[in-house]
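Colleague: Contents of entry-v6.pdb (PDB, N, CA and C atoms) are given next:
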MODEL        1
ATOM      1  N   LEU D   1     -62.905 -19.869 -40.532
ATOM      2  CA  LEU D   1     -63.355 -18.533 -40.213
ATOM      3  C   LEU D   1     -64.590 -18.202 -41.050
ATOM      4  N   ALA D   2     -65.480 -17.458 -40.440
ATOM      5  CA  ALA D   2     -66.721 -17.089 -41.125
ATOM      6  C   ALA D   2     -66.523 -15.909 -42.067
ATOM      7  N   ALA D   3     -65.457 -15.130 -41.892
ATOM      8  CA  ALA D   3     -65.226 -13.951 -42.723
ATOM      9  C   ALA D   3     -63.804 -13.982 -43.280
ATOM     10  N   THR D   4     -63.605 -13.265 -44.374
ATOM     11  CA  THR D   4     -62.279 -13.157 -44.965
ATOM     12  C   THR D   4     -61.410 -12.262 -44.079
ATOM     13  N   ALA D   5     -60.162 -12.671 -43.877
ATOM     14  CA  ALA D   5     -59.253 -11.898 -43.021
ATOM     15  C   ALA D   5     -57.856 -11.923 -43.615
ATOM     16  N   THR D   6     -57.097 -10.850 -43.391
ATOM     17  CA  THR D   6     -55.715 -10.805 -43.855
ATOM     18  C   THR D   6     -54.733 -11.085 -42.728
ATOM     19  N   ALA D   7     -55.152 -10.828 -41.490
ATOM     20  CA  ALA D   7     -54.294 -11.113 -40.333
ATOM     21  C   ALA D   7     -55.176 -11.682 -39.222
ATOM     22  N   VAL D   8     -54.778 -12.842 -38.715
ATOM     23  CA  VAL D   8     -55.550 -13.509 -37.672
ATOM     24  C   VAL D   8     -54.586 -13.969 -36.585
ATOM     25  N   GLU D   9     -54.956 -13.733 -35.354
ATOM     26  CA  GLU D   9     -54.159 -14.202 -34.224
ATOM     27  C   GLU D   9     -55.011 -15.195 -33.446
ATOM     28  N   MET D  10     -54.472 -16.393 -33.260
ATOM     29  CA  MET D  10     -55.234 -17.444 -32.585
ATOM     30  C   MET D  10     -54.360 -18.088 -31.521
ATOM     31  N   GLY D  11     -55.006 -18.677 -30.549
ATOM     32  CA  GLY D  11     -54.263 -19.383 -29.518
ATOM     33  C   GLY D  11     -55.208 -20.030 -28.532
ATOM     34  N   ILE D  12     -54.664 -20.767 -27.643
ATOM     35  CA  ILE D  12     -55.434 -21.416 -26.597
ATOM     36  C   ILE D  12     -55.284 -20.587 -25.330
ATOM     37  N   GLY D  13     -56.411 -20.188 -24.753
ATOM     38  CA  GLY D  13     -56.358 -19.380 -23.546
ATOM     39  C   GLY D  13     -55.902 -20.190 -22.338
ATOM     40  N   TYR D  14     -55.074 -19.593 -21.522
ATOM     41  CA  TYR D  14     -54.650 -20.214 -20.271
ATOM     42  C   TYR D  14     -54.321 -19.109 -19.280
ATOM     43  N   THR D  15     -54.298 -19.449 -18.024
ATOM     44  CA  THR D  15     -53.995 -18.493 -16.966
ATOM     45  C   THR D  15     -52.652 -18.857 -16.349
ATOM     46  N   PRO D  16     -51.592 -18.071 -16.628
ATOM     47  CA  PRO D  16     -50.294 -18.350 -16.002
ATOM     48  C   PRO D  16     -50.388 -18.196 -14.480
ATOM     49  N   PHE D  17     -49.791 -19.123 -13.767
ATOM     50  CA  PHE D  17     -49.857 -19.141 -12.306
ATOM     51  C   PHE D  17     -48.509 -19.554 -11.763
ATOM     52  N   LEU D  18     -47.994 -18.786 -10.805
ATOM     53  CA  LEU D  18     -46.715 -19.076 -10.170
ATOM     54  C   LEU D  18     -46.949 -19.160  -8.676
ATOM     55  N   GLU D  19     -46.348 -20.153  -8.031
ATOM     56  CA  GLU D  19     -46.439 -20.279  -6.573
ATOM     57  C   GLU D  19     -45.054 -20.605  -6.026
ATOM     58  N   THR D  20     -44.618 -19.828  -5.046
ATOM     59  CA  THR D  20     -43.302 -20.052  -4.458
ATOM     60  C   THR D  20     -43.366 -21.183  -3.433
ATOM     61  N   LEU D  21     -42.214 -21.672  -3.049
ATOM     62  CA  LEU D  21     -42.120 -22.587  -1.925
ATOM     63  C   LEU D  21     -42.264 -21.803  -0.632
ATOM     64  N   ARG D  22     -42.503 -22.500   0.457
ATOM     65  CA  ARG D  22     -42.583 -21.819   1.757
ATOM     66  C   ARG D  22     -41.215 -21.287   2.143
ATOM     67  N   PRO D  23     -41.165 -20.086   2.730
ATOM     68  CA  PRO D  23     -39.870 -19.567   3.163
ATOM     69  C   PRO D  23     -39.333 -20.364   4.353
ATOM     70  N   GLU D  24     -38.033 -20.388   4.493
ATOM     71  CA  GLU D  24     -37.409 -21.080   5.626
ATOM     72  C   GLU D  24     -36.134 -20.354   6.005
ATOM     73  N   PHE D  25     -36.000 -20.130   7.279
ATOM     74  CA  PHE D  25     -34.745 -19.647   7.833
ATOM     75  C   PHE D  25     -34.751 -19.959   9.323
ATOM     76  N   ALA D  26     -33.572 -20.041   9.887
ATOM     77  CA  ALA D  26     -33.443 -20.376  11.307
ATOM     78  C   ALA D  26     -33.560 -19.109  12.148
ATOM     79  N   THR D  27     -34.189 -19.254  13.295
ATOM     80  CA  THR D  27     -34.277 -18.163  14.266
ATOM     81  C   THR D  27     -33.695 -18.664  15.579
ATOM     82  N   GLY D  28     -33.679 -17.830  16.583
ATOM     83  CA  GLY D  28     -33.214 -18.248  17.904
ATOM     84  C   GLY D  28     -34.091 -19.327  18.513
ATOM     85  N   GLN D  29     -35.339 -19.411  18.032
ATOM     86  CA  GLN D  29     -36.271 -20.442  18.518
ATOM     87  C   GLN D  29     -36.368 -21.625  17.559
ATOM     88  N   GLY D  30     -35.512 -21.712  16.571
ATOM     89  CA  GLY D  30     -35.523 -22.821  15.613
ATOM     90  C   GLY D  30     -36.172 -22.422  14.296
ATOM     91  N   SER D  31     -36.706 -23.408  13.592
ATOM     92  CA  SER D  31     -37.305 -23.217  12.272
ATOM     93  C   SER D  31     -38.572 -22.372  12.351
ATOM     94  N   ILE D  32     -38.920 -21.728  11.239
ATOM     95  CA  ILE D  32     -40.176 -20.983  11.193
ATOM     96  C   ILE D  32     -41.328 -21.836  10.677
ATOM     97  N   GLN D  33     -41.033 -23.076  10.273
ATOM     98  CA  GLN D  33     -42.084 -23.949   9.748
ATOM     99  C   GLN D  33     -43.161 -24.190  10.806
ATOM    100  N   GLY D  34     -44.428 -24.058  10.408
ATOM    101  CA  GLY D  34     -45.542 -24.302  11.315
ATOM    102  C   GLY D  34     -45.895 -23.107  12.193
ATOM    103  N   ARG D  35     -45.103 -22.043  12.146
ATOM    104  CA  ARG D  35     -45.400 -20.842  12.930
ATOM    105  C   ARG D  35     -46.136 -19.833  12.058
ATOM    106  N   LYS D  36     -46.950 -18.992  12.675
ATOM    107  CA  LYS D  36     -47.654 -17.968  11.916
ATOM    108  C   LYS D  36     -46.657 -16.978  11.332
ATOM    109  N   GLN D  37     -46.897 -16.634  10.065
ATOM    110  CA  GLN D  37     -46.005 -15.737   9.340
ATOM    111  C   GLN D  37     -46.852 -14.744   8.553
ATOM    112  N   ARG D  38     -46.238 -13.613   8.239
ATOM    113  CA  ARG D  38     -46.923 -12.621   7.410
ATOM    114  C   ARG D  38     -45.902 -11.855   6.598
ATOM    115  N   PHE D  39     -46.168 -11.753   5.305
ATOM    116  CA  PHE D  39     -45.348 -10.883   4.472
ATOM    117  C   PHE D  39     -45.844  -9.462   4.671
ATOM    118  N   ASN D  40     -45.019  -8.615   5.272
ATOM    119  CA  ASN D  40     -45.360  -7.206   5.438
ATOM    120  C   ASN D  40     -45.359  -6.489   4.092
ATOM    121  N   GLU D  41     -44.454  -6.928   3.241
ATOM    122  CA  GLU D  41     -44.325  -6.325   1.920
ATOM    123  C   GLU D  41     -43.725  -7.352   0.978
ATOM    124  N   VAL D  42     -44.251  -7.416  -0.234
ATOM    125  CA  VAL D  42     -43.694  -8.281  -1.269
ATOM    126  C   VAL D  42     -43.327  -7.387  -2.453
ATOM    127  N   VAL D  43     -42.100  -7.542  -2.920
ATOM    128  CA  VAL D  43     -41.615  -6.785  -4.069
ATOM    129  C   VAL D  43     -41.383  -7.778  -5.205
ATOM    130  N   VAL D  44     -42.088  -7.571  -6.302
ATOM    131  CA  VAL D  44     -41.936  -8.427  -7.471
ATOM    132  C   VAL D  44     -41.314  -7.593  -8.578
ATOM    133  N   ARG D  45     -40.163  -8.045  -9.054
ATOM    134  CA  ARG D  45     -39.480  -7.361 -10.156
ATOM    135  C   ARG D  45     -39.911  -8.044 -11.455
ATOM    136  N   VAL D  46     -40.450  -7.231 -12.382
ATOM    137  CA  VAL D  46     -40.954  -7.752 -13.649
ATOM    138  C   VAL D  46     -40.202  -7.125 -14.806
ATOM    139  N   TYR D  47     -40.293  -7.786 -15.956
ATOM    140  CA  TYR D  47     -39.617  -7.327 -17.163
ATOM    141  C   TYR D  47     -40.616  -7.329 -18.322
ATOM    142  N   CYS D  48     -40.722  -6.214 -19.010
ATOM    143  CA  CYS D  48     -41.582  -6.086 -20.201
ATOM    144  C   CYS D  48     -42.965  -6.679 -19.963
ATOM    145  N   THR D  49     -43.621  -6.243 -18.906
ATOM    146  CA  THR D  49     -44.903  -6.798 -18.481
ATOM    147  C   THR D  49     -46.031  -5.821 -18.800
ATOM    148  N   ARG D  50     -47.166  -6.379 -19.190
ATOM    149  CA  ARG D  50     -48.369  -5.593 -19.483
ATOM    150  C   ARG D  50     -49.540  -6.188 -18.720
ATOM    151  N   GLY D  51     -50.558  -5.390 -18.577
ATOM    152  CA  GLY D  51     -51.817  -5.888 -18.027
ATOM    153  C   GLY D  51     -51.799  -6.057 -16.521
ATOM    154  N   ALA D  52     -53.001  -6.248 -15.998
ATOM    155  CA  ALA D  52     -53.168  -6.434 -14.556
ATOM    156  C   ALA D  52     -52.804  -7.858 -14.179
ATOM    157  N   PHE D  53     -52.196  -8.012 -13.010
ATOM    158  CA  PHE D  53     -51.977  -9.352 -12.465
ATOM    159  C   PHE D  53     -52.163  -9.296 -10.969
ATOM    160  N   LEU D  54     -52.255 -10.462 -10.360
ATOM    161  CA  LEU D  54     -52.553 -10.570  -8.939
ATOM    162  C   LEU D  54     -51.366 -11.147  -8.185
ATOM    163  N   ILE D  55     -51.122 -10.609  -6.987
ATOM    164  CA  ILE D  55     -50.171 -11.208  -6.054
ATOM    165  C   ILE D  55     -50.996 -11.592  -4.838
ATOM    166  N   ASN D  56     -51.084 -12.903  -4.567
ATOM    167  CA  ASN D  56     -51.909 -13.423  -3.469
ATOM    168  C   ASN D  56     -53.309 -12.807  -3.510
ATOM    169  N   THR D  57     -53.936 -12.842  -4.648
ATOM    170  CA  THR D  57     -55.302 -12.348  -4.924
ATOM    171  C   THR D  57     -55.452 -10.838  -4.828
ATOM    172  N   GLN D  58     -54.383 -10.086  -4.574
ATOM    173  CA  GLN D  58     -54.464  -8.622  -4.550
ATOM    174  C   GLN D  58     -54.011  -8.058  -5.896
ATOM    175  N   PRO D  59     -54.819  -7.160  -6.479
ATOM    176  CA  PRO D  59     -54.388  -6.546  -7.742
ATOM    177  C   PRO D  59     -53.125  -5.715  -7.550
ATOM    178  N   VAL D  60     -52.247  -5.791  -8.505
ATOM    179  CA  VAL D  60     -51.008  -5.027  -8.467
ATOM    180  C   VAL D  60     -51.273  -3.629  -9.003
ATOM    181  N   ARG D  61     -50.701  -2.649  -8.349
ATOM    182  CA  ARG D  61     -50.770  -1.271  -8.831
ATOM    183  C   ARG D  61     -49.382  -0.887  -9.339
ATOM    184  N   TYR D  62     -49.338  -0.540 -10.603
ATOM    185  CA  TYR D  62     -48.077  -0.072 -11.177
ATOM    186  C   TYR D  62     -47.779   1.324 -10.649
ATOM    187  N   PRO D  63     -46.512   1.732 -10.642
ATOM    188  CA  PRO D  63     -46.190   3.111 -10.252
ATOM    189  C   PRO D  63     -46.918   4.103 -11.165
ATOM    190  N   SER D  64     -47.232   5.266 -10.647
ATOM    191  CA  SER D  64     -48.017   6.247 -11.405
ATOM    192  C   SER D  64     -47.311   6.712 -12.678
ATOM    193  N   ASP D  65     -45.985   6.641 -12.704
ATOM    194  CA  ASP D  65     -45.240   7.080 -13.886
ATOM    195  C   ASP D  65     -44.840   5.914 -14.800
ATOM    196  N   ALA D  66     -45.472   4.757 -14.628
ATOM    197  CA  ALA D  66     -45.105   3.565 -15.400
ATOM    198  C   ALA D  66     -45.446   3.744 -16.876
ATOM    199  N   THR D  67     -44.560   3.248 -17.729
ATOM    200  CA  THR D  67     -44.825   3.155 -19.162
ATOM    201  C   THR D  67     -44.813   1.677 -19.521
ATOM    202  N   PHE D  68     -45.513   1.305 -20.591
ATOM    203  CA  PHE D  68     -45.672  -0.112 -20.905
ATOM    204  C   PHE D  68     -45.078  -0.424 -22.262
ATOM    205  N   PRO D  69     -44.452  -1.585 -22.388
ATOM    206  CA  PRO D  69     -44.335  -2.633 -21.372
ATOM    207  C   PRO D  69     -43.471  -2.157 -20.202
ATOM    208  N   TYR D  70     -43.877  -2.563 -18.993
ATOM    209  CA  TYR D  70     -43.254  -2.086 -17.759
ATOM    210  C   TYR D  70     -42.126  -3.006 -17.319
ATOM    211  N   THR D  71     -41.001  -2.404 -16.962
ATOM    212  CA  THR D  71     -39.884  -3.111 -16.355
ATOM    213  C   THR D  71     -39.560  -2.397 -15.055
ATOM    214  N   GLY D  72     -39.598  -3.137 -13.949
ATOM    215  CA  GLY D  72     -39.315  -2.538 -12.649
ATOM    216  C   GLY D  72     -39.980  -3.323 -11.539
ATOM    217  N   ASP D  73     -40.156  -2.668 -10.398
ATOM    218  CA  ASP D  73     -40.714  -3.318  -9.217
ATOM    219  C   ASP D  73     -42.172  -2.925  -9.011
ATOM    220  N   VAL D  74     -42.973  -3.896  -8.575
ATOM    221  CA  VAL D  74     -44.323  -3.632  -8.086
ATOM    222  C   VAL D  74     -44.366  -4.145  -6.659
ATOM    223  N   ILE D  75     -45.122  -3.463  -5.804
ATOM    224  CA  ILE D  75     -45.115  -3.770  -4.377
ATOM    225  C   ILE D  75     -46.544  -4.007  -3.891
ATOM    226  N   VAL D  76     -46.705  -5.053  -3.086
ATOM    227  CA  VAL D  76     -47.966  -5.345  -2.406
ATOM    228  C   VAL D  76     -47.629  -5.482  -0.933
ATOM    229  N   SER D  77     -48.486  -4.957  -0.059
ATOM    230  CA  SER D  77     -48.185  -5.026   1.369
ATOM    231  C   SER D  77     -49.359  -5.582   2.160
ATOM    232  N   LYS D  78     -49.059  -5.955   3.411
ATOM    233  CA  LYS D  78     -50.042  -6.455   4.371
ATOM    234  C   LYS D  78     -50.837  -7.631   3.815
ATOM    235  N   LEU D  79     -50.168  -8.740   3.644
ATOM    236  CA  LEU D  79     -50.789  -9.909   3.041
ATOM    237  C   LEU D  79     -51.465 -10.857   4.035
ATOM    238  N   GLY D  80     -51.447 -10.583   5.307
ATOM    239  CA  GLY D  80     -52.165 -11.409   6.274
ATOM    240  C   GLY D  80     -51.313 -12.535   6.843
ATOM    241  N   TRP D  81     -51.774 -13.049   7.998
ATOM    242  CA  TRP D  81     -51.056 -14.106   8.718
ATOM    243  C   TRP D  81     -51.492 -15.470   8.235
ATOM    244  N   ASP D  82     -50.530 -16.404   8.189
ATOM    245  CA  ASP D  82     -50.804 -17.772   7.751
ATOM    246  C   ASP D  82     -49.652 -18.643   8.236
ATOM    247  N   ARG D  83     -49.887 -19.940   8.363
ATOM    248  CA  ARG D  83     -48.808 -20.860   8.751
ATOM    249  C   ARG D  83     -48.032 -21.366   7.534
ATOM    250  N   VAL D  84     -48.594 -21.214   6.378
ATOM    251  CA  VAL D  84     -47.930 -21.629   5.139
ATOM    252  C   VAL D  84     -47.894 -20.409   4.219
ATOM    253  N   GLN D  85     -46.908 -19.567   4.389
ATOM    254  CA  GLN D  85     -46.799 -18.320   3.625
ATOM    255  C   GLN D  85     -46.179 -18.613   2.275
ATOM    256  N   ARG D  86     -46.964 -18.542   1.254
ATOM    257  CA  ARG D  86     -46.470 -18.683  -0.117
ATOM    258  C   ARG D  86     -46.902 -17.465  -0.896
ATOM    259  N   ILE D  87     -46.142 -17.129  -1.889
ATOM    260  CA  ILE D  87     -46.507 -16.030  -2.777
ATOM    261  C   ILE D  87     -47.046 -16.643  -4.060
ATOM    262  N   THR D  88     -48.210 -16.168  -4.476
ATOM    263  CA  THR D  88     -48.772 -16.609  -5.752
ATOM    264  C   THR D  88     -48.886 -15.405  -6.672
ATOM    265  N   ILE D  89     -48.640 -15.641  -7.939
ATOM    266  CA  ILE D  89     -48.773 -14.609  -8.962
ATOM    267  C   ILE D  89     -49.613 -15.208 -10.085
ATOM    268  N   GLN D  90     -50.646 -14.472 -10.458
ATOM    269  CA  GLN D  90     -51.569 -14.958 -11.487
ATOM    270  C   GLN D  90     -51.842 -13.848 -12.485
ATOM    271  N   GLN D  91     -51.717 -14.151 -13.760
ATOM    272  CA  GLN D  91     -51.982 -13.194 -14.837
ATOM    273  C   GLN D  91     -53.260 -13.621 -15.544
ATOM    274  N   ASN D  92     -54.337 -12.844 -15.402
ATOM    275  CA  ASN D  92     -55.617 -13.194 -16.006
ATOM    276  C   ASN D  92     -55.802 -12.632 -17.408
ATOM    277  N   ASP D  93     -55.051 -11.599 -17.752
ATOM    278  CA  ASP D  93     -55.169 -10.978 -19.061
ATOM    279  C   ASP D  93     -54.237 -11.644 -20.059
ATOM    280  N   PRO D  94     -54.559 -11.571 -21.341
ATOM    281  CA  PRO D  94     -53.688 -12.200 -22.353
ATOM    282  C   PRO D  94     -52.510 -11.305 -22.735
ATOM    283  N   TYR D  95     -51.739 -10.900 -21.730
ATOM    284  CA  TYR D  95     -50.584 -10.035 -21.931
ATOM    285  C   TYR D  95     -49.344 -10.698 -21.342
ATOM    286  N   PRO D  96     -48.168 -10.282 -21.798
ATOM    287  CA  PRO D  96     -46.942 -10.912 -21.286
ATOM    288  C   PRO D  96     -46.626 -10.483 -19.856
ATOM    289  N   ILE D  97     -46.063 -11.426 -19.122
ATOM    290  CA  ILE D  97     -45.535 -11.157 -17.782
ATOM    291  C   ILE D  97     -44.263 -11.973 -17.630
ATOM    292  N   THR D  98     -43.199 -11.324 -17.219
ATOM    293  CA  THR D  98     -41.942 -12.006 -16.929
ATOM    294  C   THR D  98     -41.518 -11.599 -15.533
ATOM    295  N   VAL D  99     -41.485 -12.567 -14.622
ATOM    296  CA  VAL D  99     -41.098 -12.317 -13.236
ATOM    297  C   VAL D  99     -39.607 -12.611 -13.108
ATOM    298  N   LEU D 100     -38.836 -11.589 -12.724
ATOM    299  CA  LEU D 100     -37.392 -11.753 -12.555
ATOM    300  C   LEU D 100     -37.018 -12.158 -11.136
ATOM    301  N   SER D 101     -37.727 -11.597 -10.152
ATOM    302  CA  SER D 101     -37.415 -11.933  -8.760
ATOM    303  C   SER D 101     -38.603 -11.605  -7.873
ATOM    304  N   ILE D 102     -38.611 -12.246  -6.707
ATOM    305  CA  ILE D 102     -39.614 -12.001  -5.679
ATOM    306  C   ILE D 102     -38.869 -11.859  -4.358
ATOM    307  N   GLY D 103     -39.132 -10.781  -3.649
ATOM    308  CA  GLY D 103     -38.504 -10.562  -2.353
ATOM    309  C   GLY D 103     -39.505  -9.912  -1.422
ATOM    310  N   GLY D 104     -39.103  -9.692  -0.204
ATOM    311  CA  GLY D 104     -40.016  -9.025   0.702
ATOM    312  C   GLY D 104     -39.555  -9.080   2.142
ATOM    313  N   ALA D 105     -40.425  -8.562   3.005
ATOM    314  CA  ALA D 105     -40.174  -8.540   4.430
ATOM    315  C   ALA D 105     -41.179  -9.469   5.101
ATOM    316  N   LEU D 106     -40.681 -10.439   5.866
ATOM    317  CA  LEU D 106     -41.515 -11.451   6.501
ATOM    318  C   LEU D 106     -41.449 -11.298   8.027
ATOM    319  N   SER D 107     -42.614 -11.296   8.657
ATOM    320  CA  SER D 107     -42.691 -11.312  10.129
ATOM    321  C   SER D 107     -43.095 -12.700  10.565
ATOM    322  N   VAL D 108     -42.528 -13.151  11.674
ATOM    323  CA  VAL D 108     -42.848 -14.467  12.224
ATOM    324  C   VAL D 108     -43.370 -14.256  13.640
ATOM    325  N   ASP D 109     -44.511 -14.893  13.957
ATOM    326  CA  ASP D 109     -45.116 -14.780  15.276
ATOM    327  C   ASP D 109     -44.243 -15.518  16.297
ATOM    328  N   ASP D 110     -43.919 -14.856  17.389
ATOM    329  CA  ASP D 110     -43.070 -15.457  18.417
ATOM    330  C   ASP D 110     -43.812 -16.498  19.251
ATOM    331  N   GLY D 111     -45.149 -16.483  19.167
ATOM    332  CA  GLY D 111     -45.954 -17.403  19.977
ATOM    333  C   GLY D 111     -45.961 -18.729  19.397
TER     334      GLY D 111
ENDMDL
END
What is this file in structure tokens?

Modeller:
Amino acid sequence: LAATATAVEMGIGYTPFLETLRPEFATGQGSIQGRKQRFNEVVVRVYCTRGAFLINTQPVRYPSDATFPYTGDVIVSKLGWDRVQRITIQQNDPYPITVLSIGGALSVDDG
């Protein structure tokens, strides 16, 4: 260090990244694999989380009455159509994030 210090915090920077597997369930027309899908809404339950993070490249908005560290649900909606629907979560800030669960509402194209 170039200067005298009494408390120093050091570490290696990294970007935490989570990616789910593709969803699968049977329908009257068979598997949903290879069919267009869209998450209408994704609910991510977090524990003692701080800072901004992204769900499928969309910034998460905490509830207006949130206190930090935040424990509860954050919601992202209208994520677009794709044949390989995965949820990604990325934390760009050097703050803690603990993901407890991921859920949501999925639409599948009948065509």

Colleague: Using the file's own x, y and z axes, so that the box edges lie along x, y and z, what centre and edge lengths in Å (one decimal) does a box around every listed atom of segment 1-10 of chain D get when 6 Å is added on each side? Give it as JSON.

Modeller:
{"center_x": -60.4, "center_y": -15.3, "center_z": -38.2, "size_x": 24.6, "size_y": 21.1, "size_z": 25.4}

Colleague: Using only N, CA and C atoms, which of the listed residues (D:Ser107, D:Thr6, D:Thr88, D:Ser101) sits closest to Thr57 of chain D?

Modeller: D:Thr88

Colleague: Suppose a student applies the PyMOL selection byres (((chain D and resi 16 and name CA) around 10) and name CA) to this structure; what residues should they get, written as a PyMOL selection string?

Modeller: chain D and resi 13-15+17-18+53+89-94+96-97

Colleague: With 8 Å as the threshold, what does the neighbourhood of (-53.1, -17.8, 9.7) contain in terms of residues, counting all atoms listed in the file? Coordinates are those of the file; answer as a list of chain:residue names.

Modeller: D:Arg35, D:Lys36, D:Gln37, D:Gly80, D:Trp81, D:Asp82, D:Arg83, D:Val84

Colleague: Would you work out the distance separating atom CA of Tyr70 of chain D from atom CA of Pro23 of chain D, expressed in Å to one decimal?

Modeller: 27.5 Å

Colleague: Do you know which residues are at most 7 Å from Arg22 of chain D counting all atoms listed in the file, after dropping those on the same chain fewer than 2 positions away, and could you put them as a list in words?

Modeller: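 Near Arg22 of chain D, the qualifying residues are Thr20, Glu24, Val84, Gln85, Arg86 and Ile87 of chain D.
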
Colleague: As a check of understanding, name the residues that the PyMOL selection byres ((chain D and resi 49) around 6) selects in the supplied structure, as a PyMOL selection string.

Modeller: chain D and resi 46-48+50-51+69-71+96-98

Colleague: Considering all atoms listed in the file, can you say which of D:Val43, D:Ile102, D:Leu54, D:Tyr62 comes closest to Ser77 of chain D?

Modeller: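 Nearest candidate to Ser77 of chain D out of D:Val43, D:Ile102, D:Leu54, D:Tyr62: D:Val43.
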
Colleague: Could you check how far atom C of Val99 of chain D sits from atom N of Gly72 of chain D, in Å to one decimal?

Modeller: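 Going from atom C of Val99 of chain D over to atom N of Gly72 of chain D covers 9.5 Å.
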
Colleague: Any chance you could resolve the PyMOL selection byres ((chain D and resi 42) around 7) against this file and give the residues as an mmCIF file with N, CA and C atoms, in the coordinates of the input?

Modeller:
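Output below, filename expr39.cif:
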data_model
loop_
_atom_site.group_PDB
_atom_site.id
_atom_site.type_symbol
_atom_site.label_atom_id
_atom_site.label_comp_id
_atom_site.auth_asym_id
_atom_site.auth_seq_id
_atom_site.Cartn_x
_atom_site.Cartn_y
_atom_site.Cartn_z
ATOM 1 N N PHE D 39 -46.168 -11.753 5.305
ATOM 2 C CA PHE D 39 -45.348 -10.883 4.472
ATOM 3 C C PHE D 39 -45.844 -9.462 4.671
ATOM 4 N N ASN D 40 -45.019 -8.615 5.272
ATOM 5 C CA ASN D 40 -45.360 -7.206 5.438
ATOM 6 C C ASN D 40 -45.359 -6.489 4.092
ATOM 7 N N GLU D 41 -44.454 -6.928 3.241
ATOM 8 C CA GLU D 41 -44.325 -6.325 1.920
ATOM 9 C C GLU D 41 -43.725 -7.352 0.978
ATOM 10 N N VAL D 43 -42.100 -7.542 -2.920
ATOM 11 C CA VAL D 43 -41.615 -6.785 -4.069
ATOM 12 C C VAL D 43 -41.383 -7.778 -5.205
ATOM 13 N N VAL D 44 -42.088 -7.571 -6.302
ATOM 14 C CA VAL D 44 -41.936 -8.427 -7.471
ATOM 15 C C VAL D 44 -41.314 -7.593 -8.578
ATOM 16 N N VAL D 74 -42.973 -3.896 -8.575
ATOM 17 C CA VAL D 74 -44.323 -3.632 -8.086
ATOM 18 C C VAL D 74 -44.366 -4.145 -6.659
ATOM 19 N N ILE D 75 -45.122 -3.463 -5.804
ATOM 20 C CA ILE D 75 -45.115 -3.770 -4.377
ATOM 21 C C ILE D 75 -46.544 -4.007 -3.891
ATOM 22 N N VAL D 76 -46.705 -5.053 -3.086
ATOM 23 C CA VAL D 76 -47.966 -5.345 -2.406
ATOM 24 C C VAL D 76 -47.629 -5.482 -0.933
ATOM 25 N N SER D 77 -48.486 -4.957 -0.059
ATOM 26 C CA SER D 77 -48.185 -5.026 1.369
ATOM 27 C C SER D 77 -49.359 -5.582 2.160
ATOM 28 N N LYS D 78 -49.059 -5.955 3.411
ATOM 29 C CA LYS D 78 -50.042 -6.455 4.371
ATOM 30 C C LYS D 78 -50.837 -7.631 3.815
ATOM 31 N N ILE D 102 -38.611 -12.246 -6.707
ATOM 32 C CA ILE D 102 -39.614 -12.001 -5.679
ATOM 33 C C ILE D 102 -38.869 -11.859 -4.358
ATOM 34 N N GLY D 103 -39.132 -10.781 -3.649
ATOM 35 C CA GLY D 103 -38.504 -10.562 -2.353
ATOM 36 C C GLY D 103 -39.505 -9.912 -1.422
ATOM 37 N N GLY D 104 -39.103 -9.692 -0.204
ATOM 38 C CA GLY D 104 -40.016 -9.025 0.702
ATOM 39 C C GLY D 104 -39.555 -9.080 2.142
ATOM 40 N N ALA D 105 -40.425 -8.562 3.005
ATOM 41 C CA ALA D 105 -40.174 -8.540 4.430
ATOM 42 C C ALA D 105 -41.179 -9.469 5.101
#

Colleague: For atom CA of Thr27 of chain D and atom CA of Leu79 of chain D, determine how far apart the two atoms are, in Å to one decimal place.

Modeller: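 Atom-to-atom, atom CA of Thr27 of chain D to atom CA of Leu79 of chain D, that is 21.6 Å.
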
Colleague: Given the choices D:Asp65, D:Asp110, D:Asp73, D:Glu9, which gets closest to Gly30 of chain D if the distance is worked out from only C-alpha atoms?

Modeller: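 Selected residue with least distance to Gly30 of chain D: D:Asp110.
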
Colleague: Please, which residues of segment 12-100 of chain D, numbered as in this document, come out strand (DSSP E or B) from DSSP, as a ChimeraX atom specification?

Modeller: /D:17-19,26-27,30-31,37-49,53-55,58-59,70-77,81-82,88-91,99-100
